[in-house]
>>> print(open('model08.txt').read())   # compact mmCIF, C-alpha atoms
# COMPACT_ATOMS: atom_id res chain seq x y z
CA MET F 1 33.90 -56.08 47.59
CA THR F 2 36.27 -58.40 45.76
CA SER F 3 39.97 -58.28 46.49
CA ASN F 4 40.68 -57.38 42.86
CA PRO F 5 38.08 -54.83 41.76
CA ALA F 6 37.72 -54.15 38.05
CA PRO F 7 39.59 -51.04 36.92
CA LEU F 8 37.62 -47.91 36.25
CA SER F 9 37.33 -46.60 32.73
CA SER F 10 39.81 -43.86 31.91
CA ALA F 11 37.52 -42.29 29.33
CA SER F 12 36.50 -38.72 30.10
CA THR F 13 33.02 -38.76 28.61
CA PRO F 14 30.09 -39.50 30.91
CA ALA F 15 28.83 -42.13 28.49
CA SER F 16 31.82 -44.33 29.33
CA SER F 17 30.37 -45.06 32.77
CA SER F 18 29.18 -48.58 33.40
CA GLY F 19 25.50 -48.63 34.21
CA GLU F 20 24.72 -46.35 31.27
CA ALA F 21 23.65 -47.16 27.74
CA PRO F 22 25.71 -45.57 24.95
CA PRO F 23 24.49 -42.13 23.83
CA ALA F 24 21.65 -42.49 21.37
CA GLY F 25 21.30 -40.51 18.18
CA ARG F 26 18.90 -37.62 18.00
CA THR F 27 15.90 -38.12 20.28
CA ALA F 28 13.27 -35.99 21.99
CA VAL F 29 11.80 -35.92 25.49
CA ARG F 30 8.44 -34.26 26.17
CA GLY F 31 6.70 -32.90 29.24
CA ARG F 32 6.63 -29.84 31.49
CA VAL F 33 10.14 -28.62 30.72
CA VAL F 34 11.87 -26.62 33.48
CA THR F 35 14.37 -24.05 32.22
CA PRO F 36 16.21 -21.45 34.32
CA GLN F 37 13.54 -18.90 33.35
CA GLU F 38 10.22 -20.74 33.19
CA VAL F 39 8.22 -23.94 32.99
CA ILE F 40 7.28 -24.75 29.39
CA GLU F 41 4.00 -26.58 29.92
CA ASP F 42 4.04 -28.45 26.59
CA GLY F 43 7.77 -28.58 26.06
CA VAL F 44 10.36 -30.60 24.19
CA VAL F 45 14.05 -31.26 24.83
CA VAL F 46 15.93 -32.64 21.82
CA LEU F 47 19.09 -34.61 22.56
CA ASP F 48 21.69 -35.08 19.85
CA GLY F 49 24.23 -37.60 21.12
CA PRO F 50 25.96 -36.16 24.19
CA ALA F 51 24.57 -32.62 23.82
CA ILE F 52 21.24 -30.81 23.99
CA ALA F 53 20.25 -29.66 20.49
CA TRP F 54 17.06 -27.71 21.16
CA VAL F 55 14.61 -26.76 23.91
CA GLY F 56 11.24 -25.17 23.35
CA GLU F 57 7.48 -25.38 22.88
CA ARG F 58 6.24 -28.47 21.07
CA ARG F 59 4.35 -26.28 18.62
CA ASP F 60 7.65 -24.68 17.54
CA ALA F 61 9.58 -27.93 17.04
CA ALA F 62 8.66 -28.40 13.37
CA ALA F 63 9.81 -24.91 12.43
CA ALA F 64 13.08 -25.60 14.25
CA GLY F 65 13.60 -28.75 12.18
CA TYR F 66 12.68 -31.35 14.81
CA ALA F 67 9.27 -32.57 13.65
CA ALA F 68 10.45 -36.15 13.19
CA GLU F 69 11.99 -36.36 16.64
CA VAL F 70 8.84 -35.02 18.29
CA GLU F 71 6.68 -37.40 16.28
CA ALA F 72 8.82 -40.33 17.46
CA ALA F 73 8.89 -39.21 21.09
CA ALA F 74 6.79 -41.06 23.63
CA GLU F 75 3.61 -39.32 24.73
CA PRO F 76 4.34 -37.87 28.18
CA ALA F 77 2.43 -39.14 31.17
CA GLU F 78 0.05 -36.68 32.76
CA GLY F 79 2.02 -34.07 34.67
CA GLN F 80 5.40 -35.46 33.54
CA VAL F 81 8.25 -33.04 34.31
CA VAL F 82 11.56 -32.69 32.47
CA LEU F 83 14.42 -31.27 34.56
CA PRO F 84 18.10 -30.63 33.96
CA GLY F 85 20.46 -33.16 35.51
CA LEU F 86 20.97 -32.08 39.11
CA VAL F 87 24.33 -30.88 40.41
CA GLU F 88 25.38 -31.73 44.00
CA VAL F 89 28.34 -30.03 45.71
CA HIS F 90 28.09 -31.61 49.20
CA ASN F 91 27.54 -35.36 49.40
CA HIS F 92 29.24 -37.96 51.62
CA GLY F 93 27.71 -41.11 50.15
CA GLY F 94 24.64 -43.26 49.59
CA GLY F 95 23.47 -46.73 48.68
CA GLY F 96 25.34 -48.10 51.70
CA ALA F 97 28.70 -46.66 50.58
CA SER F 98 30.55 -43.77 52.22
CA PHE F 99 33.11 -41.59 50.46
CA PRO F 100 35.07 -41.02 53.71
CA ASP F 101 35.21 -44.78 54.32
CA ALA F 102 35.47 -46.31 50.83
CA ALA F 103 38.34 -48.79 50.54
CA ASP F 104 38.68 -48.18 46.81
CA ALA F 105 37.17 -46.30 43.90
CA GLN F 106 34.78 -49.10 43.00
CA GLU F 107 33.22 -48.95 46.45
CA ALA F 108 32.89 -45.17 46.22
CA LEU F 109 31.25 -45.58 42.81
CA VAL F 110 28.34 -47.37 44.50
CA ALA F 111 27.37 -44.08 46.14
CA VAL F 112 27.80 -42.13 42.91
CA ARG F 113 25.45 -44.51 41.09
CA GLU F 114 22.88 -44.40 43.89
CA HIS F 115 22.51 -40.65 43.48
CA ARG F 116 22.86 -40.69 39.70
CA ARG F 117 19.92 -42.99 39.16
CA HIS F 118 17.86 -40.53 41.24
CA GLY F 119 18.79 -37.60 39.01
CA THR F 120 22.12 -36.24 40.29
CA THR F 121 24.18 -36.35 37.10
CA SER F 122 27.08 -34.23 38.44
CA LEU F 123 28.27 -34.99 41.96
CA VAL F 124 31.08 -33.61 44.12
CA ALA F 125 32.19 -36.28 46.59
CA SER F 126 32.70 -35.00 50.14
CA LEU F 127 35.14 -36.17 52.79
CA VAL F 128 35.10 -35.44 56.52
CA THR F 129 37.85 -34.43 58.91
CA ALA F 130 40.46 -37.14 59.41
CA GLU F 131 44.15 -37.39 60.18
CA ARG F 132 46.55 -36.40 57.41
CA GLU F 133 47.41 -39.77 55.87
CA THR F 134 43.78 -40.89 55.79
CA LEU F 135 42.76 -37.68 54.05
CA LEU F 136 45.48 -38.06 51.43
CA ARG F 137 44.52 -41.68 50.74
CA ARG F 138 40.83 -40.85 50.43
CA VAL F 139 41.49 -37.90 48.14
CA ALA F 140 43.68 -40.08 45.91
CA THR F 141 40.94 -42.72 45.77
CA LEU F 142 38.30 -40.19 44.76
CA ALA F 143 40.67 -38.69 42.19
CA GLU F 144 40.35 -42.01 40.32
CA LEU F 145 36.64 -41.30 39.94
CA GLY F 146 37.46 -37.78 38.80
CA ASP F 147 39.89 -39.09 36.19
CA ALA F 148 37.19 -41.46 34.92
CA GLY F 149 34.61 -38.68 34.63
CA GLU F 150 32.40 -40.23 37.30
CA ILE F 151 32.42 -37.28 39.73
CA ALA F 152 32.58 -33.52 39.25
CA GLY F 153 35.18 -33.03 41.95
CA ILE F 154 36.12 -33.48 45.59
CA HIS F 155 35.01 -31.47 48.63
CA LEU F 156 36.83 -31.60 51.96
CA GLU F 157 34.73 -30.74 55.00
CA GLY F 158 37.70 -29.99 57.21
CA PRO F 159 40.13 -30.48 58.86
CA PHE F 160 40.55 -26.74 59.56
CA LEU F 161 37.31 -26.40 61.52
CA SER F 162 36.11 -25.26 64.93
CA GLU F 163 36.05 -27.93 67.62
CA VAL F 164 33.21 -25.96 69.23
CA ARG F 165 31.08 -26.46 66.10
CA CYS F 166 32.33 -29.89 65.10
CA GLY F 167 28.85 -31.33 64.52
CA ALA F 168 29.15 -35.00 63.49
CA GLN F 169 32.91 -34.76 62.95
CA ASN F 170 35.78 -35.89 65.18
CA PRO F 171 37.13 -32.81 67.00
CA HIS F 172 40.38 -34.62 67.83
CA ASP F 173 41.42 -34.60 64.15
CA MET F 174 40.78 -30.89 63.62
CA LEU F 175 43.85 -28.77 62.92
CA ALA F 176 45.04 -25.21 62.72
CA GLY F 177 45.23 -23.94 59.16
CA ASP F 178 48.06 -25.64 57.27
CA PRO F 179 48.71 -24.37 53.72
CA ASP F 180 51.25 -27.15 53.11
CA LEU F 181 48.59 -29.75 53.84
CA VAL F 182 46.26 -27.97 51.39
CA ARG F 183 48.93 -28.27 48.71
CA ALA F 184 49.50 -31.95 49.52
CA ILE F 185 45.76 -32.60 49.29
CA ALA F 186 45.61 -30.79 45.95
CA GLU F 187 48.51 -32.87 44.64
CA ALA F 188 46.82 -36.10 45.74
CA GLY F 189 43.62 -34.89 44.11
CA ARG F 190 45.25 -34.40 40.69
CA GLY F 191 43.20 -31.33 39.85
CA HIS F 192 39.88 -32.62 41.18
CA VAL F 193 39.72 -30.79 44.54
CA ARG F 194 36.94 -28.24 44.06
CA THR F 195 36.13 -26.88 47.51
CA MET F 196 37.09 -27.05 51.19
CA THR F 197 35.19 -26.01 54.31
CA PHE F 198 37.11 -23.85 56.80
CA ALA F 199 36.35 -21.90 59.99
CA PRO F 200 37.42 -18.23 59.70
CA GLU F 201 38.48 -17.98 63.34
CA VAL F 202 40.87 -20.94 63.30
CA PRO F 203 44.50 -19.72 63.22
CA GLY F 204 46.23 -20.13 59.88
CA ASN F 205 43.06 -20.12 57.79
CA THR F 206 43.07 -16.43 56.87
CA GLY F 207 45.72 -13.80 56.29
CA PRO F 208 48.63 -13.70 53.84
CA GLY F 209 49.68 -17.17 52.77
CA GLY F 210 46.89 -18.82 54.76
CA VAL F 211 44.46 -21.58 53.85
CA VAL F 212 42.00 -19.32 52.00
CA GLU F 213 44.66 -17.95 49.67
CA THR F 214 46.18 -21.39 49.19
CA LEU F 215 42.85 -22.98 48.31
CA VAL F 216 42.32 -20.43 45.56
CA GLU F 217 45.92 -20.90 44.42
CA VAL F 218 45.30 -24.65 43.86
CA GLY F 219 41.98 -24.04 42.10
CA ALA F 220 39.54 -24.72 44.94
CA VAL F 221 36.72 -22.61 46.37
CA PRO F 222 36.85 -21.69 50.09
CA SER F 223 33.65 -22.50 52.00
CA VAL F 224 32.80 -21.00 55.39
CA GLY F 225 31.47 -23.60 57.81
CA HIS F 226 31.67 -25.50 61.11
CA THR F 227 32.52 -22.18 62.68
CA ASP F 228 32.04 -20.17 65.87
CA ALA F 229 33.35 -16.99 64.21
CA SER F 230 32.06 -13.50 64.82
CA SER F 231 30.37 -11.64 62.00
CA GLU F 232 33.49 -9.46 61.69
CA GLN F 233 35.78 -12.48 61.32
CA THR F 234 33.42 -13.98 58.78
CA ASP F 235 33.16 -10.73 56.81
CA ALA F 236 36.95 -10.51 56.62
CA ALA F 237 37.33 -14.13 55.51
CA ILE F 238 34.70 -13.74 52.81
CA ALA F 239 36.32 -10.54 51.55
CA GLU F 240 39.67 -12.31 51.41
CA GLY F 241 38.17 -15.20 49.43
CA VAL F 242 36.38 -12.87 47.03
CA ALA F 243 39.57 -10.92 46.36
CA ALA F 244 41.66 -14.06 45.86
CA LEU F 245 39.15 -15.62 43.45
CA ALA F 246 38.92 -12.38 41.44
CA ALA F 247 42.71 -12.06 41.23
CA ARG F 248 43.14 -15.66 40.08
CA ARG F 249 40.42 -15.30 37.47
CA ALA F 250 41.98 -12.08 36.15
CA ALA F 251 45.36 -13.81 35.88
CA LEU F 252 43.87 -16.76 33.99
CA VAL F 253 41.98 -14.48 31.59
CA ALA F 254 45.17 -12.51 30.98
CA ALA F 255 46.93 -15.80 30.18
CA GLY F 256 44.29 -16.58 27.54
CA GLU F 257 42.32 -19.21 29.48
CA GLN F 258 38.70 -19.81 28.43
CA MET F 259 36.62 -19.20 31.54
CA GLY F 260 33.22 -20.44 32.63
CA PRO F 261 31.06 -18.79 35.31
CA ALA F 262 33.02 -17.03 38.02
CA PRO F 263 33.07 -19.23 41.16
CA ARG F 264 32.02 -17.61 44.43
CA VAL F 265 32.90 -18.31 48.05
CA THR F 266 30.30 -20.63 49.59
CA ALA F 267 28.85 -21.29 53.03
CA THR F 268 28.71 -24.96 54.02
CA HIS F 269 25.14 -25.95 55.05
CA LEU F 270 24.14 -22.51 56.34
CA PHE F 271 22.83 -22.55 59.95
CA ASN F 272 24.05 -26.11 60.62
CA GLY F 273 27.44 -26.33 62.33
CA MET F 274 27.48 -22.57 62.98
CA ARG F 275 27.08 -20.25 65.93
CA PRO F 276 23.34 -19.42 65.99
CA LEU F 277 22.15 -15.99 64.92
CA HIS F 278 21.69 -13.62 67.90
CA HIS F 279 20.64 -9.99 67.72
CA ARG F 280 23.65 -8.83 69.79
CA ALA F 281 26.11 -11.38 68.37
CA PRO F 282 25.08 -12.00 64.75
CA GLY F 283 27.96 -14.40 64.05
CA PRO F 284 28.61 -16.10 60.72
CA ILE F 285 24.99 -16.56 59.61
CA ALA F 286 24.23 -12.86 59.28
CA ALA F 287 27.55 -12.24 57.52
CA CYS F 288 26.93 -15.06 55.03
CA LEU F 289 23.39 -13.91 54.28
CA ALA F 290 24.57 -10.35 53.66
CA ALA F 291 27.37 -11.57 51.39
CA ALA F 292 24.94 -13.76 49.46
CA ALA F 293 22.53 -10.84 49.04
CA ARG F 294 25.24 -8.71 47.46
CA GLY F 295 26.44 -11.53 45.19
CA ASP F 296 29.74 -12.36 46.89
CA LEU F 297 28.78 -15.77 48.31
CA VAL F 298 26.53 -18.77 47.69
CA VAL F 299 24.86 -20.48 50.65
CA GLU F 300 24.22 -24.22 50.89
CA LEU F 301 20.85 -25.26 52.31
CA VAL F 302 20.05 -28.81 53.44
CA ALA F 303 16.35 -28.24 52.79
CA ASP F 304 15.13 -31.67 53.88
CA GLY F 305 12.85 -30.68 56.76
CA THR F 306 15.30 -32.16 59.28
CA HIS F 307 18.29 -29.85 59.02
CA LEU F 308 16.14 -26.76 58.38
CA ALA F 309 12.52 -25.82 58.98
CA ALA F 310 10.34 -24.89 56.02
CA GLY F 311 10.10 -21.28 57.20
CA THR F 312 13.87 -20.97 57.32
CA VAL F 313 14.18 -22.20 53.75
CA ARG F 314 11.48 -19.79 52.53
CA SER F 315 13.12 -16.86 54.30
CA VAL F 316 16.52 -17.50 52.73
CA PHE F 317 15.03 -17.82 49.24
CA GLU F 318 13.17 -14.55 49.76
CA LEU F 319 16.27 -12.80 51.12
CA VAL F 320 18.94 -13.86 48.61
CA GLY F 321 17.17 -15.70 45.76
CA PRO F 322 18.03 -18.93 43.93
CA ASP F 323 21.08 -17.43 42.21
CA ALA F 324 22.80 -17.38 45.61
CA ILE F 325 21.53 -20.72 46.95
CA VAL F 326 22.67 -24.28 46.32
CA LEU F 327 20.47 -27.06 47.60
CA VAL F 328 22.51 -29.96 48.99
CA THR F 329 21.83 -33.28 50.67
CA ASP F 330 24.87 -33.61 52.97
CA ALA F 331 24.00 -37.27 52.32
CA MET F 332 25.81 -40.14 53.99
CA ALA F 333 25.83 -43.87 53.34
CA ALA F 334 22.22 -44.34 54.43
CA ALA F 335 20.78 -42.35 51.50
CA GLY F 336 18.51 -44.72 49.64
CA MET F 337 18.88 -47.36 52.38
CA ALA F 338 16.88 -48.68 55.32
CA ASP F 339 17.20 -47.43 58.89
CA GLY F 340 20.15 -48.93 60.74
CA THR F 341 23.74 -48.32 61.81
CA TYR F 342 26.29 -46.73 59.47
CA GLN F 343 29.73 -45.06 59.55
CA LEU F 344 30.65 -41.47 58.73
CA GLY F 345 34.42 -41.49 58.88
CA PRO F 346 35.34 -42.57 62.43
CA MET F 347 31.90 -41.74 63.81
CA ALA F 348 29.14 -44.33 64.32
CA VAL F 349 25.72 -43.16 63.12
CA THR F 350 22.24 -44.54 63.72
CA VAL F 351 19.45 -43.80 61.25
CA ALA F 352 15.92 -43.96 62.64
CA ASP F 353 12.84 -42.83 60.70
CA GLY F 354 15.19 -41.55 58.01
CA VAL F 355 17.13 -39.22 60.35
CA ALA F 356 20.85 -39.84 60.89
CA ARG F 357 22.30 -39.05 64.33
CA LEU F 358 25.60 -39.71 66.06
CA ASP F 359 25.80 -42.59 68.50
CA ASP F 360 27.26 -40.35 71.20
CA GLY F 361 25.50 -41.77 74.25
CA THR F 362 22.94 -38.96 74.45
CA PRO F 363 19.19 -39.45 73.94
CA GLU F 364 19.29 -37.38 70.77
CA GLY F 365 22.73 -37.14 69.19
CA SER F 366 23.89 -34.54 66.69
CA ILE F 367 22.43 -34.78 63.20
CA ALA F 368 25.01 -36.70 61.18
CA GLY F 369 24.37 -35.88 57.55
CA GLY F 370 21.33 -36.47 55.38
CA THR F 371 19.51 -39.44 53.90
CA PHE F 372 17.85 -37.71 50.94
CA HIS F 373 18.73 -37.70 47.27
CA LEU F 374 18.97 -34.21 45.77
CA LEU F 375 15.69 -34.71 43.90
CA ASP F 376 14.08 -35.42 47.29
CA VAL F 377 15.44 -32.07 48.52
CA VAL F 378 14.00 -30.33 45.45
CA ARG F 379 10.63 -31.99 46.11
CA ALA F 380 10.71 -30.91 49.76
CA THR F 381 11.70 -27.37 48.81
CA VAL F 382 8.78 -27.08 46.40
CA GLY F 383 6.57 -28.46 49.19
CA PHE F 384 7.80 -25.62 51.41
CA GLY F 385 6.33 -23.14 48.92
CA ILE F 386 9.33 -22.35 46.71
CA PRO F 387 8.50 -22.07 42.98
CA LEU F 388 9.63 -25.10 40.96
CA VAL F 389 11.88 -22.99 38.70
CA ASP F 390 13.71 -21.54 41.72
CA ALA F 391 14.12 -24.88 43.48
CA VAL F 392 15.48 -26.53 40.33
CA LYS F 393 17.86 -23.65 39.62
CA ALA F 394 19.27 -23.97 43.15
CA ALA F 395 19.92 -27.66 42.50
CA SER F 396 21.38 -27.32 39.01
CA LEU F 397 22.45 -24.00 37.46
CA THR F 398 23.66 -22.28 40.63
CA PRO F 399 25.84 -25.20 41.82
CA ALA F 400 27.19 -25.58 38.27
CA GLY F 401 28.31 -21.96 38.59
CA VAL F 402 30.02 -22.73 41.91
CA LEU F 403 32.06 -25.30 39.98
CA GLY F 404 32.80 -22.83 37.18
CA ARG F 405 30.92 -25.09 34.73
CA ALA F 406 28.98 -23.68 31.77
CA ASP F 407 28.35 -27.08 30.17
CA ILE F 408 25.96 -28.52 32.77
CA GLY F 409 23.14 -27.34 35.01
CA ALA F 410 20.41 -26.23 32.59
CA LEU F 411 18.21 -27.39 29.75
CA GLU F 412 19.79 -25.19 27.10
CA ALA F 413 21.06 -25.95 23.62
CA GLY F 414 24.77 -26.73 23.63
CA ARG F 415 24.97 -27.96 27.20
CA ARG F 416 25.63 -31.58 28.06
CA ALA F 417 22.59 -33.80 27.58
CA ASP F 418 21.89 -34.34 31.29
CA VAL F 419 18.13 -34.76 31.67
CA VAL F 420 15.86 -36.05 34.42
CA VAL F 421 12.27 -37.07 33.73
CA THR F 422 9.96 -37.26 36.74
CA ASP F 423 6.32 -37.92 37.42
CA ALA F 424 4.01 -35.11 38.48
CA ASP F 425 5.20 -35.50 42.09
CA LEU F 426 8.90 -35.19 41.19
CA HIS F 427 9.80 -38.84 41.58
CA PRO F 428 12.36 -40.04 39.01
CA VAL F 429 11.20 -41.90 35.90
CA GLY F 430 14.29 -41.69 33.67
CA VAL F 431 17.76 -40.15 33.76
CA TRP F 432 20.14 -39.31 30.90
CA ARG F 433 23.75 -38.27 31.48
CA GLY F 434 25.71 -37.02 28.51
CA GLY F 435 22.92 -38.39 26.31
CA ALA F 436 23.32 -41.88 27.80
CA LEU F 437 20.36 -43.45 29.55
CA VAL F 438 21.26 -44.40 33.11
CA THR F 439 20.25 -48.04 33.35
CA ASP F 440 21.30 -49.13 36.86
>>> encode(input="model08.txt", output="structure tokens")
Amino acid sequence: MTSNPAPLSSASTPASSSGEAPPAGRTAVRGRVVTPQEVIEDGVVVLDGPAIAWVGERRDAAAAGYAAEVEAAAEPAEGQVVLPGLVEVHNHGGGGASFPDAADAQEALVAVREHRRHGTTSLVASLVTAERETLLRRVATLAELGDAGEIAGIHLEGPFLSEVRCGAQNPHDMLAGDPDLVRAIAEAGRGHVRTMTFAPEVPGNTGPGGVVETLVEVGAVPSVGHTDASSEQTDAAIAEGVAALAARRAALVAAGEQMGPAPRVTATHLFNGMRPLHHRAPGPIAACLAAAARGDLVVELVADGTHLAAGTVRSVFELVGPDAIVLVTDAMAAAGMADGTYQLGPMAVTVADGVARLDDGTPEGSIAGGTFHLLDVVRATVGFGIPLVDAVKAASLTPAGVLGRADIGALEAGRRADVVVTDADLHPVGVWRGGALVTD
């Protein structure tokens, strides 16, 4: 990095991002089009500048007024698939850059671009547990990317977590729940803090005036994770989050605010960093699955074949469905990079055969984040036997709902023109974000 990095654009439109061509005029993309309801085998998506104008069967395009655009569109390769831009809510970095370690916004942008060119057009940048001043600096740095429209928000994985279930995080920096620190983080984030992981059993996280209520107060979604809580503690924390989110939404509606989808409490990478499920001590996993089944919570799954087995992924999809699942990468700096040594906050990580583990002196250290792009997770999930429509929804529409966004996450007229074209095996061929072709 240079000592005087170029300033980021302050424009709010995605097309302002460097590494993207300006939005084109009206154009069409053809292939197997994946909508939230079905796969249109001979489908067309018409882009009109930064928005999607029309989605449907090619045979219906002329009647809809798009004959010229379809005629001008390139013939799709055999098996070509057209997906919505993917939406990631838990991502620590990629392309050699780490959000928890980035010295400035330009360095963090390297990771954003790495995932964007692989189809993640809306990305929430995740931090890890750190001491107070480091957290505030990192949040302020990422807020620059939020101001520039480069990221969809900021996620903090800690610091109010269980030392017993610290995973790849530094237990020495974990704190009791501190609502004042939440407010300071929100202020540093300038409206871009979207979610924070917390452990229900840690003092100060729940109860009147605690972290859960404060997160909702500042506009963020509470996420259960890195926890050794009982099922009863988890149930109570989820109920508190559900009530707080509903009350805030009702207040905003009463004040005349235009609202998108109602955000739900989430569970940070379900199963990982949690007390295991036991038939006499069900713990947080059973509570989160039950809450997801009744529509109160959305579970994250790192469905990469390393964090979770294929059978586990299939079972969760069958139990709660794609409307209650968000696929995530939990990616760190090594995503898109070769095996080697990397940092994840203060923790040294070695990546071997694509698997990231802590350098903790043991033969097989704790898994330390992922190395996949979100499209890789979608491909793996489909390989596990999940229908393509369900896997894509869990990586686009459902996470968009977690963020309260109705303008992204699906190939539907009126939404932002975020489109990913892949080959038949779901490898990226082209990416558009806000109608702009991603060129880097």
>>> residues_around(input="model08.txt", residues="Gly49 in chain F", least_positions_apart="5", cutoff="10 Å", atoms="all atoms listed in the file", output="list in words")
Ala15, Pro22, Pro23, Ala24, Gly25, Arg26, Thr27, Arg416, Ala417, Gly434, Gly435 and Ala436 of chain F
>>> residues_around(input="model08.txt", residues="Ile238 in chain F", least_positions_apart="2", cutoff="9 Å", atoms="all atoms listed in the file", output="list in words")
Pro200, Pro222, Ser223, Val224, Gln233, Thr234, Asp235, Ala236, Glu240, Gly241, Val242, Ala243, Val265, Thr266, Ala287, Cys288, Ala291, Asp296 and Leu297 of chain F
>>> atom_distance(input="model08.txt", atom1="CA of Ala73 in chain F", atom2="CA of Ala51 in chain F")
17.2 Å
>>> closest_residue(input="model08.txt", among="F:Val29, F:Leu270, F:Val81, F:Val253", to="Asp425 in chain F", atoms="all atoms listed in the file")
F:Val81
>>> residues_around(input="model08.txt", residues="range 412-415 of chain F", least_positions_apart="6", cutoff="12 Å", atoms="all atoms listed in the file", output="ChimeraX atom specification")
/F:33-37,44-56,83-85,397,400,405-406,433-435
>>> write_last_selection(input="model08.txt", atoms="C-alpha atoms", output="CSV table (one decimal), keeping the file's coordinate frame")
chain,number,residue,atom,x,y,z
F,33,VAL,CA,10.1,-28.6,30.7
F,34,VAL,CA,11.9,-26.6,33.5
F,35,THR,CA,14.4,-24.0,32.2
F,36,PRO,CA,16.2,-21.4,34.3
F,37,GLN,CA,13.5,-18.9,33.4
F,44,VAL,CA,10.4,-30.6,24.2
F,45,VAL,CA,14.0,-31.3,24.8
F,46,VAL,CA,15.9,-32.6,21.8
F,47,LEU,CA,19.1,-34.6,22.6
F,48,ASP,CA,21.7,-35.1,19.8
F,49,GLY,CA,24.2,-37.6,21.1
F,50,PRO,CA,26.0,-36.2,24.2
F,51,ALA,CA,24.6,-32.6,23.8
F,52,ILE,CA,21.2,-30.8,24.0
F,53,ALA,CA,20.2,-29.7,20.5
F,54,TRP,CA,17.1,-27.7,21.2
F,55,VAL,CA,14.6,-26.8,23.9
F,56,GLY,CA,11.2,-25.2,23.4
F,83,LEU,CA,14.4,-31.3,34.6
F,84,PRO,CA,18.1,-30.6,34.0
F,85,GLY,CA,20.5,-33.2,35.5
F,397,LEU,CA,22.4,-24.0,37.5
F,400,ALA,CA,27.2,-25.6,38.3
F,405,ARG,CA,30.9,-25.1,34.7
F,406,ALA,CA,29.0,-23.7,31.8
F,433,ARG,CA,23.8,-38.3,31.5
F,434,GLY,CA,25.7,-37.0,28.5
F,435,GLY,CA,22.9,-38.4,26.3
>>> axis_aligned_box(input="model08.txt", around="range 425-434 of chain F", padding_each_side="5 Å", output="lines of an AutoDock Vina configuration file")
center_x = 15.5
center_y = -38.5
center_z = 35.3
size_x = 30.5
size_y = 16.7
size_z = 23.6
>>> atom_distance(input="model08.txt", atom1="CA of Pro282 in chain F", atom2="CA of Glu232 in chain F")
9.3 Å
>>> atom_distance(input="model08.txt", atom1="CA of Ala281 in chain F", atom2="CA of Gly295 in chain F")
23.2 Å
>>> closest_residue(input="model08.txt", among="F:Gly345, F:Gly95, F:Gly336, F:Pro208", to="Arg138 in chain F", atoms="all atoms listed in the file")
F:Gly345
>>> residues_around(input="model08.txt", residues="Val139 in chain F", least_positions_apart="4", cutoff="9 Å", atoms="only C-alpha atoms", output="PyMOL selection string")
chain F and resi 127+134-135+143-144+154+156+185-186+188-189+192-193
>>> closest_residue(input="model08.txt", among="F:Arg248, F:Arg190, F:His172, F:Arg275", to="Gly225 in chain F", atoms="all atoms listed in the file")
F:Arg275
>>> decode(input="model08.txt", residues="range 220-231 of chain F", atoms="N, CA and C atoms", output="mmCIF file, in the first residue's frame")
data_model
loop_
_atom_site.group_PDB
_atom_site.id
_atom_site.type_symbol
_atom_site.label_atom_id
_atom_site.label_comp_id
_atom_site.auth_asym_id
_atom_site.auth_seq_id
_atom_site.Cartn_x
_atom_site.Cartn_y
_atom_site.Cartn_z
ATOM 1 N N ALA F 220 -29.133 -2.216 14.594
ATOM 2 C CA ALA F 220 -28.411 -3.437 14.244
ATOM 3 C C ALA F 220 -29.198 -4.674 14.667
ATOM 4 N N VAL F 221 -28.906 -5.788 14.023
ATOM 5 C CA VAL F 221 -29.571 -7.057 14.315
ATOM 6 C C VAL F 221 -28.719 -7.882 15.276
ATOM 7 N N PRO F 222 -29.276 -8.357 16.391
ATOM 8 C CA PRO F 222 -28.522 -9.246 17.282
ATOM 9 C C PRO F 222 -28.369 -10.632 16.655
ATOM 10 N N SER F 223 -27.182 -11.238 16.838
ATOM 11 C CA SER F 223 -26.917 -12.556 16.268
ATOM 12 C C SER F 223 -26.319 -13.459 17.329
ATOM 13 N N VAL F 224 -26.998 -14.558 17.620
ATOM 14 C CA VAL F 224 -26.543 -15.510 18.637
ATOM 15 C C VAL F 224 -25.345 -16.276 18.106
ATOM 16 N N GLY F 225 -24.252 -16.331 18.876
ATOM 17 C CA GLY F 225 -23.103 -17.094 18.413
ATOM 18 C C GLY F 225 -21.964 -17.113 19.397
ATOM 19 N N HIS F 226 -20.968 -17.968 19.112
ATOM 20 C CA HIS F 226 -19.819 -18.168 20.005
ATOM 21 C C HIS F 226 -20.322 -18.253 21.446
ATOM 22 N N THR F 227 -21.157 -19.271 21.674
ATOM 23 C CA THR F 227 -21.902 -19.339 22.917
ATOM 24 C C THR F 227 -21.919 -20.739 23.503
ATOM 25 N N ASP F 228 -21.910 -20.796 24.835
ATOM 26 C CA ASP F 228 -22.063 -22.044 25.584
ATOM 27 C C ASP F 228 -23.394 -22.045 26.332
ATOM 28 N N ALA F 229 -24.348 -21.237 25.836
ATOM 29 C CA ALA F 229 -25.618 -21.051 26.546
ATOM 30 C C ALA F 229 -26.464 -22.318 26.554
ATOM 31 N N SER F 230 -27.339 -22.392 27.536
ATOM 32 C CA SER F 230 -28.363 -23.434 27.564
ATOM 33 C C SER F 230 -29.443 -23.094 26.542
ATOM 34 N N SER F 231 -30.297 -24.061 26.265
ATOM 35 C CA SER F 231 -31.407 -23.784 25.348
ATOM 36 C C SER F 231 -32.354 -22.746 25.956
#
